[in-house]
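Undergrad: Next comes the structure file start.pdb, holding PDB, C-alpha atoms and all ligand atoms.
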ATOM      1  CA  LEU A 254    -104.340  56.345 150.684  1.00  0.00           C
ATOM      2  CA  LYS A 255    -105.568  58.145 153.794  1.00  0.00           C
ATOM      3  CA  ASP A 256    -105.092  61.528 152.071  1.00  0.00           C
ATOM      4  CA  ASN A 257    -107.028  60.204 149.143  1.00  0.00           C
ATOM      5  CA  GLU A 258    -109.971  59.164 151.322  1.00  0.00           C
ATOM      6  CA  GLU A 259    -109.954  62.479 153.181  1.00  0.00           C
ATOM      7  CA  ASN A 260    -110.012  64.244 149.858  1.00  0.00           C
ATOM      8  CA  LEU A 261    -113.010  62.250 148.688  1.00  0.00           C
ATOM      9  CA  ALA A 262    -114.801  62.888 151.982  1.00  0.00           C
ATOM     10  CA  LYS A 263    -114.390  66.634 151.377  1.00  0.00           C
ATOM     11  CA  VAL A 264    -115.883  66.370 147.898  1.00  0.00           C
ATOM     12  CA  ILE A 265    -118.830  64.297 149.185  1.00  0.00           C
ATOM     13  CA  ASP A 266    -119.381  66.995 151.799  1.00  0.00           C
ATOM     14  CA  GLU A 267    -119.384  69.698 149.143  1.00  0.00           C
ATOM     15  CA  MET A 268    -121.780  67.684 146.947  1.00  0.00           C
ATOM     16  CA  ALA A 269    -124.225  67.236 149.841  1.00  0.00           C
ATOM     17  CA  ASN A 270    -123.971  70.931 150.684  1.00  0.00           C
ATOM     18  CA  ASN A 271    -124.688  72.008 147.087  1.00  0.00           C
ATOM     19  CA  VAL A 272    -127.724  69.748 146.848  1.00  0.00           C
ATOM     20  CA  ALA A 273    -129.075  70.892 150.230  1.00  0.00           C
ATOM     21  CA  HIS A 274    -128.754  74.562 149.228  1.00  0.00           C
ATOM     22  CA  ASN A 275    -130.710  73.955 146.053  1.00  0.00           C
ATOM     23  CA  ILE A 276    -133.747  72.420 147.745  1.00  0.00           C
ATOM     24  CA  PRO A 277    -136.629  74.898 147.510  1.00  0.00           C
ATOM     25  CA  ASP A 278    -137.891  76.283 150.797  1.00  0.00           C
ATOM     26  CA  GLY A 279    -140.963  74.450 152.071  1.00  0.00           C
ATOM     27  CA  SER A 280    -140.181  71.194 150.262  1.00  0.00           C
ATOM     28  CA  ILE A 281    -141.346  67.819 151.496  1.00  0.00           C
ATOM     29  CA  ILE A 282    -138.287  65.601 151.228  1.00  0.00           C
ATOM     30  CA  GLY A 283    -137.990  61.819 151.187  1.00  0.00           C
ATOM     31  CA  LEU A 284    -134.748  60.665 152.800  1.00  0.00           C
ATOM     32  CA  GLY A 285    -132.953  57.477 151.794  1.00  0.00           C
ATOM     33  CA  SER A 286    -130.491  55.836 154.163  1.00  0.00           C
ATOM     34  CA  GLY A 287    -126.741  55.416 154.521  1.00  0.00           C
ATOM     35  CA  SER A 288    -123.729  57.587 155.208  1.00  0.00           C
ATOM     36  CA  THR A 289    -124.067  59.847 152.156  1.00  0.00           C
ATOM     37  CA  VAL A 290    -127.673  60.785 152.944  1.00  0.00           C
ATOM     38  CA  ALA A 291    -126.610  61.325 156.566  1.00  0.00           C
ATOM     39  CA  ILE A 292    -124.180  64.035 155.395  1.00  0.00           C
ATOM     40  CA  PHE A 293    -126.954  65.629 153.331  1.00  0.00           C
ATOM     41  CA  VAL A 294    -129.182  65.633 156.444  1.00  0.00           C
ATOM     42  CA  LEU A 295    -126.482  67.498 158.378  1.00  0.00           C
ATOM     43  CA  LYS A 296    -126.351  70.166 155.667  1.00  0.00           C
ATOM     44  CA  LEU A 297    -130.128  70.482 155.555  1.00  0.00           C
ATOM     45  CA  GLY A 298    -130.156  70.867 159.329  1.00  0.00           C
ATOM     46  CA  LYS A 299    -127.658  73.756 159.052  1.00  0.00           C
ATOM     47  CA  ILE A 300    -129.799  75.507 156.463  1.00  0.00           C
ATOM     48  CA  SER A 301    -132.995  75.214 158.512  1.00  0.00           C
ATOM     49  CA  GLU A 302    -131.269  76.305 161.757  1.00  0.00           C
ATOM     50  CA  ASN A 303    -132.178  79.962 161.287  1.00  0.00           C
ATOM     51  CA  LYS A 304    -135.883  78.969 161.029  1.00  0.00           C
ATOM     52  CA  GLU A 305    -136.312  80.965 157.842  1.00  0.00           C
ATOM     53  CA  HIS A 306    -136.210  77.752 155.877  1.00  0.00           C
ATOM     54  CA  ILE A 307    -138.676  75.030 156.734  1.00  0.00           C
ATOM     55  CA  PHE A 308    -138.414  71.539 155.335  1.00  0.00           C
ATOM     56  CA  GLY A 309    -140.471  68.478 156.170  1.00  0.00           C
ATOM     57  CA  VAL A 310    -138.746  65.120 155.846  1.00  0.00           C
ATOM     58  CA  ILE A 311    -139.921  61.513 155.627  1.00  0.00           C
ATOM     59  CA  PRO A 312    -137.106  59.106 156.545  1.00  0.00           C
ATOM     60  CA  SER A 313    -136.635  55.614 155.068  1.00  0.00           C
ATOM     61  CA  SER A 314    -135.091  54.185 158.246  1.00  0.00           C
ATOM     62  CA  LEU A 315    -134.534  54.727 161.945  1.00  0.00           C
ATOM     63  CA  GLN A 316    -130.859  55.377 161.107  1.00  0.00           C
ATOM     64  CA  ILE A 317    -131.722  58.458 159.059  1.00  0.00           C
ATOM     65  CA  GLN A 318    -134.670  59.471 161.260  1.00  0.00           C
ATOM     66  CA  ILE A 319    -132.342  59.712 164.273  1.00  0.00           C
ATOM     67  CA  GLN A 320    -129.917  61.863 162.263  1.00  0.00           C
ATOM     68  CA  ALA A 321    -132.776  64.098 161.097  1.00  0.00           C
ATOM     69  CA  GLU A 322    -134.129  64.477 164.631  1.00  0.00           C
ATOM     70  CA  GLU A 323    -130.643  65.350 165.940  1.00  0.00           C
ATOM     71  CA  VAL A 324    -130.408  68.338 163.598  1.00  0.00           C
ATOM     72  CA  GLY A 325    -133.959  69.475 164.360  1.00  0.00           C
ATOM     73  CA  LEU A 326    -135.636  68.635 161.069  1.00  0.00           C
ATOM     74  CA  ASN A 327    -139.391  68.342 160.989  1.00  0.00           C
ATOM     75  CA  ILE A 328    -140.293  64.628 160.663  1.00  0.00           C
ATOM     76  CA  LEU A 329    -143.549  64.056 158.785  1.00  0.00           C
ATOM     77  CA  SER A 330    -145.891  61.096 158.965  1.00  0.00           C
ATOM     78  CA  PRO A 331    -145.936  58.465 156.162  1.00  0.00           C
ATOM     79  CA  LYS A 332    -149.388  59.731 155.255  1.00  0.00           C
ATOM     80  CA  MET A 333    -147.569  62.640 153.577  1.00  0.00           C
ATOM     81  CA  ILE A 334    -145.671  60.305 151.213  1.00  0.00           C
ATOM     82  CA  PRO A 335    -147.922  61.147 148.212  1.00  0.00           C
ATOM     83  CA  SER A 336    -146.900  64.814 148.620  1.00  0.00           C
ATOM     84  CA  ILE A 337    -143.114  64.279 148.482  1.00  0.00           C
ATOM     85  CA  ASP A 338    -141.424  66.842 146.244  1.00  0.00           C
ATOM     86  CA  ILE A 339    -137.890  65.440 146.220  1.00  0.00           C
ATOM     87  CA  THR A 340    -136.291  62.241 147.463  1.00  0.00           C
ATOM     88  CA  ILE A 341    -132.560  62.232 148.175  1.00  0.00           C
ATOM     89  CA  ASP A 342    -130.921  58.837 148.285  1.00  0.00           C
ATOM     90  CA  GLY A 343    -127.594  57.056 148.012  1.00  0.00           C
ATOM     91  CA  ALA A 344    -126.702  53.787 146.292  1.00  0.00           C
ATOM     92  CA  ASP A 345    -124.404  50.809 146.670  1.00  0.00           C
ATOM     93  CA  GLN A 346    -123.642  50.613 142.946  1.00  0.00           C
ATOM     94  CA  ILE A 347    -124.685  52.485 139.771  1.00  0.00           C
ATOM     95  CA  ASP A 348    -124.179  51.109 136.260  1.00  0.00           C
ATOM     96  CA  GLU A 349    -123.682  53.061 133.050  1.00  0.00           C
ATOM     97  CA  LYS A 350    -127.450  53.023 132.388  1.00  0.00           C
ATOM     98  CA  TYR A 351    -128.081  54.387 135.887  1.00  0.00           C
ATOM     99  CA  ASN A 352    -129.568  51.167 137.250  1.00  0.00           C
ATOM    100  CA  LEU A 353    -128.867  50.830 140.955  1.00  0.00           C
ATOM    101  CA  ILE A 354    -128.039  48.267 143.586  1.00  0.00           C
ATOM    102  CA  LYS A 355    -129.516  49.326 146.914  1.00  0.00           C
ATOM    103  CA  GLY A 356    -130.164  47.750 150.291  1.00  0.00           C
ATOM    104  CA  GLY A 357    -126.660  47.697 151.792  1.00  0.00           C
ATOM    105  CA  GLY A 358    -128.264  49.058 154.954  1.00  0.00           C
ATOM    106  CA  GLY A 359    -131.412  46.969 154.505  1.00  0.00           C
ATOM    107  CA  ALA A 360    -133.702  49.961 153.882  1.00  0.00           C
ATOM    108  CA  LEU A 361    -134.537  49.104 150.261  1.00  0.00           C
ATOM    109  CA  TYR A 362    -138.288  48.648 150.740  1.00  0.00           C
ATOM    110  CA  LYS A 363    -138.979  52.094 152.179  1.00  0.00           C
ATOM    111  CA  GLU A 364    -136.390  53.704 149.906  1.00  0.00           C
ATOM    112  CA  ARG A 365    -138.219  52.373 146.857  1.00  0.00           C
ATOM    113  CA  VAL A 366    -141.510  53.804 148.121  1.00  0.00           C
ATOM    114  CA  LEU A 367    -139.972  57.247 148.709  1.00  0.00           C
ATOM    115  CA  LEU A 368    -138.196  57.256 145.327  1.00  0.00           C
ATOM    116  CA  ASN A 369    -141.395  56.265 143.520  1.00  0.00           C
ATOM    117  CA  ALA A 370    -143.592  58.773 145.299  1.00  0.00           C
ATOM    118  CA  ALA A 371    -141.294  61.756 144.709  1.00  0.00           C
ATOM    119  CA  LYS A 372    -141.826  64.214 141.881  1.00  0.00           C
ATOM    120  CA  LYS A 373    -138.038  64.222 141.515  1.00  0.00           C
ATOM    121  CA  SER A 374    -135.354  61.835 142.787  1.00  0.00           C
ATOM    122  CA  ILE A 375    -131.715  62.758 143.321  1.00  0.00           C
ATOM    123  CA  ILE A 376    -129.039  60.086 143.859  1.00  0.00           C
ATOM    124  CA  LEU A 377    -125.827  61.091 145.633  1.00  0.00           C
ATOM    125  CA  ALA A 378    -122.751  58.893 145.264  1.00  0.00           C
ATOM    126  CA  ASP A 379    -118.994  59.051 145.083  1.00  0.00           C
ATOM    127  CA  GLU A 380    -116.973  57.713 142.187  1.00  0.00           C
ATOM    128  CA  SER A 381    -116.368  54.334 143.865  1.00  0.00           C
ATOM    129  CA  LYS A 382    -120.060  53.476 143.378  1.00  0.00           C
ATOM    130  CA  TYR A 383    -120.054  53.952 139.601  1.00  0.00           C
ATOM    131  CA  ALA A 384    -119.360  50.869 137.465  1.00  0.00           C
ATOM    132  CA  LYS A 385    -119.903  49.791 133.856  1.00  0.00           C
ATOM    133  CA  LYS A 386    -122.168  46.957 134.956  1.00  0.00           C
ATOM    134  CA  LEU A 387    -123.777  45.963 138.255  1.00  0.00           C
ATOM    135  CA  CYS A 388    -121.732  43.235 139.930  1.00  0.00           C
ATOM    136  CA  LYS A 389    -122.214  43.540 143.697  1.00  0.00           C
ATOM    137  CA  SER A 390    -124.365  41.105 145.691  1.00  0.00           C
ATOM    138  CA  ILE A 391    -128.068  41.923 145.468  1.00  0.00           C
ATOM    139  CA  PRO A 392    -129.872  42.476 148.801  1.00  0.00           C
ATOM    140  CA  ILE A 393    -133.202  40.634 148.703  1.00  0.00           C
ATOM    141  CA  GLU A 394    -135.782  41.113 151.459  1.00  0.00           C
ATOM    142  CA  VAL A 395    -137.671  37.911 152.287  1.00  0.00           C
ATOM    143  CA  SER A 396    -140.129  36.776 154.896  1.00  0.00           C
ATOM    144  CA  PHE A 397    -138.822  34.456 157.597  1.00  0.00           C
ATOM    145  CA  PHE A 398    -141.441  31.895 156.619  1.00  0.00           C
ATOM    146  CA  ALA A 399    -140.283  31.647 153.005  1.00  0.00           C
ATOM    147  CA  ARG A 400    -136.535  32.035 153.519  1.00  0.00           C
ATOM    148  CA  LYS A 401    -135.470  28.478 152.736  1.00  0.00           C
ATOM    149  CA  PHE A 402    -137.710  28.267 149.688  1.00  0.00           C
ATOM    150  CA  VAL A 403    -136.433  31.611 148.357  1.00  0.00           C
ATOM    151  CA  LEU A 404    -132.816  30.573 149.019  1.00  0.00           C
ATOM    152  CA  GLU A 405    -133.247  27.458 146.912  1.00  0.00           C
ATOM    153  CA  GLU A 406    -135.034  29.329 144.134  1.00  0.00           C
ATOM    154  CA  LEU A 407    -132.193  31.864 144.031  1.00  0.00           C
ATOM    155  CA  ILE A 408    -129.684  29.033 143.566  1.00  0.00           C
ATOM    156  CA  ARG A 409    -131.898  27.560 140.850  1.00  0.00           C
ATOM    157  CA  ILE A 410    -131.764  30.822 138.837  1.00  0.00           C
ATOM    158  CA  GLY A 411    -127.969  30.985 139.149  1.00  0.00           C
ATOM    159  CA  GLY A 412    -127.332  33.018 142.304  1.00  0.00           C
ATOM    160  CA  LYS A 413    -125.103  32.424 145.307  1.00  0.00           C
ATOM    161  CA  PRO A 414    -127.326  33.487 148.213  1.00  0.00           C
ATOM    162  CA  ILE A 415    -126.151  34.193 151.758  1.00  0.00           C
ATOM    163  CA  LEU A 416    -128.464  35.065 154.636  1.00  0.00           C
ATOM    164  CA  ARG A 417    -127.292  38.367 156.147  1.00  0.00           C
ATOM    165  CA  ILE A 418    -125.975  37.642 159.644  1.00  0.00           C
ATOM    166  CA  LEU A 419    -124.800  40.056 162.352  1.00  0.00           C
ATOM    167  CA  ASP A 420    -122.225  39.520 165.106  1.00  0.00           C
ATOM    168  CA  LYS A 421    -122.700  36.405 167.228  1.00  0.00           C
ATOM    169  CA  ASP A 422    -124.816  34.848 164.474  1.00  0.00           C
ATOM    170  CA  TYR A 423    -127.914  36.964 165.027  1.00  0.00           C
ATOM    171  CA  PRO A 424    -129.835  37.280 161.762  1.00  0.00           C
ATOM    172  CA  PHE A 425    -130.138  40.819 160.396  1.00  0.00           C
ATOM    173  CA  THR A 426    -133.774  41.901 160.367  1.00  0.00           C
ATOM    174  CA  THR A 427    -135.201  44.794 158.391  1.00  0.00           C
ATOM    175  CA  GLU A 428    -137.498  47.417 159.929  1.00  0.00           C
ATOM    176  CA  ASN A 429    -140.352  45.438 158.379  1.00  0.00           C
ATOM    177  CA  GLY A 430    -139.357  42.387 160.442  1.00  0.00           C
ATOM    178  CA  ASN A 431    -137.997  40.449 157.471  1.00  0.00           C
ATOM    179  CA  LEU A 432    -134.626  38.899 156.590  1.00  0.00           C
ATOM    180  CA  ILE A 433    -132.130  39.883 153.892  1.00  0.00           C
ATOM    181  CA  ILE A 434    -130.549  37.360 151.557  1.00  0.00           C
ATOM    182  CA  ASP A 435    -127.515  38.890 149.782  1.00  0.00           C
ATOM    183  CA  THR A 436    -127.143  37.105 146.477  1.00  0.00           C
ATOM    184  CA  ASP A 437    -124.161  37.139 144.166  1.00  0.00           C
ATOM    185  CA  PHE A 438    -125.051  36.869 140.464  1.00  0.00           C
ATOM    186  CA  GLY A 439    -121.609  37.913 139.184  1.00  0.00           C
ATOM    187  CA  VAL A 440    -121.738  40.562 136.454  1.00  0.00           C
ATOM    188  CA  ILE A 441    -125.383  41.365 135.756  1.00  0.00           C
ATOM    189  CA  GLU A 442    -125.945  41.744 132.019  1.00  0.00           C
ATOM    190  CA  LYS A 443    -129.715  42.321 132.162  1.00  0.00           C
ATOM    191  CA  PRO A 444    -130.709  43.882 135.490  1.00  0.00           C
ATOM    192  CA  GLU A 445    -134.349  44.404 134.466  1.00  0.00           C
ATOM    193  CA  ILE A 446    -134.871  40.731 133.606  1.00  0.00           C
ATOM    194  CA  LEU A 447    -133.030  39.490 136.698  1.00  0.00           C
ATOM    195  CA  ARG A 448    -135.068  41.824 138.850  1.00  0.00           C
ATOM    196  CA  SER A 449    -138.388  40.526 137.557  1.00  0.00           C
ATOM    197  CA  GLU A 450    -137.209  36.905 137.919  1.00  0.00           C
ATOM    198  CA  ILE A 451    -136.416  37.503 141.596  1.00  0.00           C
ATOM    199  CA  VAL A 452    -139.521  39.583 142.347  1.00  0.00           C
ATOM    200  CA  ASN A 453    -141.646  36.744 140.996  1.00  0.00           C
ATOM    201  CA  ILE A 454    -140.364  34.264 143.596  1.00  0.00           C
ATOM    202  CA  ALA A 455    -143.088  33.825 146.219  1.00  0.00           C
ATOM    203  CA  GLY A 456    -141.903  35.116 149.597  1.00  0.00           C
ATOM    204  CA  VAL A 457    -139.747  37.914 148.168  1.00  0.00           C
ATOM    205  CA  ILE A 458    -140.742  41.301 149.596  1.00  0.00           C
ATOM    206  CA  ASP A 459    -138.372  43.471 147.553  1.00  0.00           C
ATOM    207  CA  VAL A 460    -135.185  43.282 145.482  1.00  0.00           C
ATOM    208  CA  GLY A 461    -132.273  45.739 145.643  1.00  0.00           C
ATOM    209  CA  ILE A 462    -132.111  46.221 141.869  1.00  0.00           C
ATOM    210  CA  PHE A 463    -133.614  49.633 141.070  1.00  0.00           C
ATOM    211  CA  ILE A 464    -134.418  50.489 137.426  1.00  0.00           C
ATOM    212  CA  ASP A 465    -135.383  54.020 136.337  1.00  0.00           C
ATOM    213  CA  GLU A 466    -135.572  55.338 139.878  1.00  0.00           C
ATOM    214  CA  GLY A 467    -133.357  58.414 139.716  1.00  0.00           C
ATOM    215  CA  ASP A 468    -133.834  61.661 137.771  1.00  0.00           C
ATOM    216  CA  VAL A 469    -130.569  63.359 138.705  1.00  0.00           C
ATOM    217  CA  PHE A 470    -127.281  61.643 139.612  1.00  0.00           C
ATOM    218  CA  TYR A 471    -124.436  63.358 141.431  1.00  0.00           C
ATOM    219  CA  ARG A 472    -120.932  61.949 141.357  1.00  0.00           C
ATOM    220  CA  ALA A 473    -118.236  63.168 143.748  1.00  0.00           C
ATOM    221  CA  ASN A 474    -114.744  62.523 142.380  1.00  0.00           C
ATOM    222  CA  ARG A 475    -111.394  62.190 144.160  1.00  0.00           C
ATOM    223  CA  ASN A 476    -109.902  64.846 141.882  1.00  0.00           C
ATOM    224  CA  GLY A 477    -112.253  67.373 143.507  1.00  0.00           C
ATOM    225  CA  SER A 478    -114.815  67.609 140.702  1.00  0.00           C
ATOM    226  CA  ILE A 479    -118.550  67.056 141.116  1.00  0.00           C
ATOM    227  CA  GLN A 480    -120.457  65.787 138.088  1.00  0.00           C
ATOM    228  CA  VAL A 481    -124.224  66.052 137.621  1.00  0.00           C
ATOM    229  CA  PHE A 482    -126.135  63.808 135.238  1.00  0.00           C
ATOM    230  CA  ASN A 483    -129.710  64.843 134.426  1.00  0.00           C
ATOM    231  CA  LEU A 484    -131.677  61.971 132.913  1.00  0.00           C
TER     232      LEU A 484
HETATM  233  C1  LIG A 501    -129.542  51.477 152.231  1.00  0.00           C
HETATM  234  O1  LIG A 501    -130.308  50.351 152.366  1.00  0.00           O
HETATM  235  C2  LIG A 501    -128.891  51.547 150.863  1.00  0.00           C
HETATM  236  O2  LIG A 501    -129.809  51.435 149.842  1.00  0.00           O
HETATM  237  C3  LIG A 501    -128.076  52.831 150.786  1.00  0.00           C
HETATM  238  O3  LIG A 501    -128.595  53.695 149.826  1.00  0.00           O
HETATM  239  C4  LIG A 501    -126.672  52.508 150.498  1.00  0.00           C
HETATM  240  O4  LIG A 501    -126.238  51.489 151.379  1.00  0.00           O
HETATM  241  C5  LIG A 501    -125.755  53.727 150.475  1.00  0.00           C
HETATM  242  O5  LIG A 501    -125.070  53.945 151.674  1.00  0.00           O
HETATM  243  P1  LIG A 501    -123.728  54.800 151.745  1.00  0.00           P
HETATM  244  O6  LIG A 501    -124.081  56.193 151.340  1.00  0.00           O
HETATM  245  O7  LIG A 501    -123.296  54.684 153.177  1.00  0.00           O
HETATM  246  O8  LIG A 501    -122.744  54.141 150.814  1.00  0.00           O
END
Just dump the structure as structure tokens.
Ligand code: A5P
TA:
Amino acid sequence: LKDNEENLAKVIDEMANNVAHNIPDGSIIGLGSGSTVAIFVLKLGKISENKEHIFGVIPSSLQIQIQAEEVGLNILSPKMIPSIDITIDGADQIDEKYNLIKGGGGALYKERVLLNAAKKSIILADESKYAKKLCKSIPIEVSFFARKFVLEELIRIGGKPILRILDKDYPFTTENGNLIIDTDFGVIEKPEILRSEIVNIAGVIDVGIFIDEGDVFYRANRNGSIQVFNL
């Protein structure tokens, strides 16, 4: 099993490297969050080391901003968001229609903004993320004020909501100062409809179901292959 995981890690590394090398010089890049994007950031840092290649990046979280700063990337202000050329992001799950579950790290709100603003969005994931249908818990960002109301509404529409809690019972808070309610809906047959049902609950800031957000999907496989799906 360990060999298997090491193998997959190598393929993810290669995928991130390929994507980084294909980013045009001078691009303004939106950065999602998570471990896969962190590997991409490392590769981008390597490329820009020789100073011949300049990239500006706009991170979706402190997690990825710290990584980007470490490798010397040029961090741009959010006022540059309308000029993003490419956003690179990961995902928690991808269904066969390329709908996504995102928000495992709680960065869904800013990730959605960066994905929407970009001229082109690229999603990087390994084979474990790909599924026929979405079935993981959906991260839902809610205000503290509305949390109990939203929790009850989520139960009413058929979900099993759990407030995201850290060690020692501290609530997880997003960078926007909100809470996350992870909600299990079992196998999701109609992600678009479920998404709009949840978004319409007062107090919901954002929902980790992403429809039509990616243009290109990369898939790193254990057998060493890398697949690219252009939508
Ligand atoms: C962050 O909030 C999520 O949307 C990430 O895209 C997701 O958790 C992917 O992270 P990994 O690349 O670590 O799986």
Undergrad: Please expand the PyMOL selection byres (((not hetatm)) within 7 of (chain A and resi 501)) into the concrete residues it hits in this file, giving the result as a compact mmCIF listing (two decimals) with C-alpha atoms, in the coordinates of the input.
TA:
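Result saved to part_22.txt:
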# COMPACT_ATOMS: atom_id res chain seq x y z
CA GLY A 285 -132.95 57.48 151.79
CA SER A 286 -130.49 55.84 154.16
CA GLY A 287 -126.74 55.42 154.52
CA SER A 288 -123.73 57.59 155.21
CA THR A 289 -124.07 59.85 152.16
CA VAL A 290 -127.67 60.78 152.94
CA ASP A 342 -130.92 58.84 148.28
CA GLY A 343 -127.59 57.06 148.01
CA ALA A 344 -126.70 53.79 146.29
CA ASP A 345 -124.40 50.81 146.67
CA LYS A 355 -129.52 49.33 146.91
CA GLY A 356 -130.16 47.75 150.29
CA GLY A 357 -126.66 47.70 151.79
CA GLY A 358 -128.26 49.06 154.95
CA GLY A 359 -131.41 46.97 154.50
CA ALA A 360 -133.70 49.96 153.88
CA LEU A 361 -134.54 49.10 150.26
CA GLU A 364 -136.39 53.70 149.91
CA ALA A 378 -122.75 58.89 145.26
Undergrad: With all atoms listed in the file counted, which protein, DNA or RNA residues have an atom no more than 10 Å from (-138.7, 38.0, 151.4) in the file frame? Please answer as a list in words.
TA: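 Applying the cut-off with all atoms listed in the file, one gets Ile393, Glu394, Val395, Ser396, Phe397, Phe398, Ala399, Arg400, Phe402, Val403, Leu404, Asn431, Leu432, Ile433, Ile434, Val452, Ile454, Ala455, Gly456, Val457, Ile458, Asp459 and Val460 of chain A.
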Undergrad: Env of segment 349-352 of chain A: 7 Å cut, atoms = only C-alpha atoms, seq-sep filter 4 positions within chain, self excluded. Answer as an NGL selection string.
TA: :A and (384-386 or 463-465)
Undergrad: Once the PyMOL selection byres (((chain A and resi 265-272) around 12) and not hetatm) has been evaluated on this model, what residues remain selected, and can you format them as a short mmCIF file (atom, residue, chain, number, x, y, z; two decimals) with C-alpha atoms, keeping the file's coordinate frame?
TA:
data_model
loop_
_atom_site.label_atom_id
_atom_site.label_comp_id
_atom_site.auth_asym_id
_atom_site.auth_seq_id
_atom_site.Cartn_x
_atom_site.Cartn_y
_atom_site.Cartn_z
CA GLU A 258 -109.97 59.16 151.32
CA GLU A 259 -109.95 62.48 153.18
CA ASN A 260 -110.01 64.24 149.86
CA LEU A 261 -113.01 62.25 148.69
CA ALA A 262 -114.80 62.89 151.98
CA LYS A 263 -114.39 66.63 151.38
CA VAL A 264 -115.88 66.37 147.90
CA ALA A 273 -129.07 70.89 150.23
CA HIS A 274 -128.75 74.56 149.23
CA ASN A 275 -130.71 73.96 146.05
CA ILE A 276 -133.75 72.42 147.74
CA PRO A 277 -136.63 74.90 147.51
CA SER A 288 -123.73 57.59 155.21
CA THR A 289 -124.07 59.85 152.16
CA VAL A 290 -127.67 60.78 152.94
CA ALA A 291 -126.61 61.32 156.57
CA ILE A 292 -124.18 64.04 155.40
CA PHE A 293 -126.95 65.63 153.33
CA VAL A 294 -129.18 65.63 156.44
CA LEU A 295 -126.48 67.50 158.38
CA LYS A 296 -126.35 70.17 155.67
CA LEU A 297 -130.13 70.48 155.56
CA GLY A 298 -130.16 70.87 159.33
CA LYS A 299 -127.66 73.76 159.05
CA ILE A 300 -129.80 75.51 156.46
CA ILE A 339 -137.89 65.44 146.22
CA THR A 340 -136.29 62.24 147.46
CA ILE A 341 -132.56 62.23 148.18
CA ASP A 342 -130.92 58.84 148.28
CA GLY A 343 -127.59 57.06 148.01
CA SER A 374 -135.35 61.84 142.79
CA ILE A 375 -131.72 62.76 143.32
CA ILE A 376 -129.04 60.09 143.86
CA LEU A 377 -125.83 61.09 145.63
CA ALA A 378 -122.75 58.89 145.26
CA ASP A 379 -118.99 59.05 145.08
CA GLU A 380 -116.97 57.71 142.19
CA SER A 381 -116.37 54.33 143.86
CA VAL A 469 -130.57 63.36 138.71
CA PHE A 470 -127.28 61.64 139.61
CA TYR A 471 -124.44 63.36 141.43
CA ARG A 472 -120.93 61.95 141.36
CA ALA A 473 -118.24 63.17 143.75
CA ASN A 474 -114.74 62.52 142.38
CA ARG A 475 -111.39 62.19 144.16
CA ASN A 476 -109.90 64.85 141.88
CA GLY A 477 -112.25 67.37 143.51
CA SER A 478 -114.82 67.61 140.70
CA ILE A 479 -118.55 67.06 141.12
CA GLN A 480 -120.46 65.79 138.09
CA VAL A 481 -124.22 66.05 137.62
#
Undergrad: Suppose a student applies the PyMOL selection byres (((chain A and resi 412) around 10) and not hetatm) to this structure; what residues should they get, written as a ChimeraX atom specification?
TA: /A:390-391,404-411,413-415,435-439
Undergrad: Given the selection you just returned, output its residues as a file containing C-alpha atoms, formatted as a short mmCIF file (atom, residue, chain, number, x, y, z; two decimals), in the frame of the given file.
TA:
data_model
loop_
_atom_site.label_atom_id
_atom_site.label_comp_id
_atom_site.auth_asym_id
_atom_site.auth_seq_id
_atom_site.Cartn_x
_atom_site.Cartn_y
_atom_site.Cartn_z
CA SER A 390 -124.36 41.10 145.69
CA ILE A 391 -128.07 41.92 145.47
CA LEU A 404 -132.82 30.57 149.02
CA GLU A 405 -133.25 27.46 146.91
CA GLU A 406 -135.03 29.33 144.13
CA LEU A 407 -132.19 31.86 144.03
CA ILE A 408 -129.68 29.03 143.57
CA ARG A 409 -131.90 27.56 140.85
CA ILE A 410 -131.76 30.82 138.84
CA GLY A 411 -127.97 30.98 139.15
CA LYS A 413 -125.10 32.42 145.31
CA PRO A 414 -127.33 33.49 148.21
CA ILE A 415 -126.15 34.19 151.76
CA ASP A 435 -127.52 38.89 149.78
CA THR A 436 -127.14 37.10 146.48
CA ASP A 437 -124.16 37.14 144.17
CA PHE A 438 -125.05 36.87 140.46
CA GLY A 439 -121.61 37.91 139.18
#
Undergrad: With only C-alpha atoms as the basis for distance, which of A:Asp338, A:Ile451, A:Leu368, A:Gly279 is at the shortest distance from Pro392 of chain A?
TA: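 Ranking A:Asp338, A:Ile451, A:Leu368, A:Gly279 by distance to Pro392 of chain A, first place goes to A:Ile451.
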Undergrad: Can you pull out the residues contacting segment 333-335 of chain A? Cut-off 9 Å, using only C-alpha atoms, and skip same-chain residues under 6 positions away; I want them as JSON, numbers by chain.
TA: {"A": [281, 283, 311, 366, 367, 370, 371]}
